[in-house]
Amino acid sequence: MFDFFKGIIVNISKTHVVIDVQGVGFKLESTERMMENLHIGEEAILYSEFVVSENRVALYGFLTEEDRDIFNLLKTVSKIGPKSALGILGAISPHDLIYAIQTDNKEVLKSCPGVGDKSASRMIVELKDKVKDFHVPESTVSEISSIKSEVIEALESLGYTRYEIQKKLKGLELDGNDMNEALKQALKYMNK
């Protein structure tokens, strides 16, 4: 229904962005990762997806058409709705997601909020053929070790969001440490 909105950003929160298009404010649900390059008062183009379900009507906003396409692809997986698809895109870049599916990397998929072992397997099975022709540089995905997964879970239980954890800990090497040392090191990075 709406392909994109071009206008001035008037509000940004953790869950949505409001864009003023010639005097009409459109509220588009989005994620912190997708909105980190937006600034209030600046002009932007947001690609959109209009979703009608039994309980609600919502507009979802994306910085790129690729983000929107991956969102729609995720919604085709059974038991993944718009909120879950948006949560996955908030935790992982489209390239990392596609590469994880192409390489059967369930650990990367399980690092996304709400994705457990069964959901990760379902995503791989249902999307592998659909993403086989996507070209993704091999170096885009770093392996997530079991210690790093445990550290992420521990930090989430302390109230940090998956997005801020991944943003702050990007590039931090936790392998070779025991869980306590890895968590101490991670907490130092989180509090910088």
# chains A, B, ... in the order shown; residues from 1 in each chain; ligands from 1
>>> residues_around(residues="Asp67 of chain A", least_positions_apart="5", cutoff="10 Å", atoms="only C-alpha atoms", output="ChimeraX atom specification")
/A:34,47-48,61-62,72-73,86,89,93-95
>>> closest_residue(among="A:His16, A:Lys27, A:Lys110, A:Arg68", to="Glu150 of chain A", atoms="only C-alpha atoms")
A:Lys110
>>> residues_around(residues="Leu74 of chain A", least_positions_apart="6", cutoff="9 Å", atoms="only C-alpha atoms", output="JSON, numbers by chain")
{"A": [80, 81, 82, 84, 85, 86, 88, 123, 127]}
>>> atom_distance(atom1="atom CA of Val51 of chain A", atom2="atom CA of Lys128 of chain A")
24.3 Å
>>> select_by_dssp(residues="segment 3-188 of chain A", states="helix (DSSP H, G or I)", output="ChimeraX atom specification")
/A:32-35,65-75,82-91,94-102,106-110,117-131,138-140,146-157,162-169,179-188
>>> closest_residue(among="A:Phe2, A:Gly25, A:Ile92, A:Glu181", to="Glu49 of chain A", atoms="only C-alpha atoms")
A:Phe2
>>> atom_distance(atom1="atom CA of Ala100 of chain A", atom2="atom CA of Val125 of chain A")
12.0 Å
>>> atom_distance(atom1="atom CA of Ala44 of chain A", atom2="atom CA of Gly7 of chain A")
5.7 Å
>>> closest_residue(among="A:Lys75, A:Lys106, A:Lys118, A:Lys83", to="Tyr60 of chain A", atoms="only C-alpha atoms")
A:Lys83
>>> closest_residue(among="A:Glu164, A:Asn55, A:Val151, A:Asp133", to="Lys14 of chain A", atoms="only C-alpha atoms")
A:Glu164
>>> closest_residue(among="A:Phe26, A:Phe5, A:Phe71, A:Tyr99", to="Glu43 of chain A", atoms="only C-alpha atoms")
A:Phe5
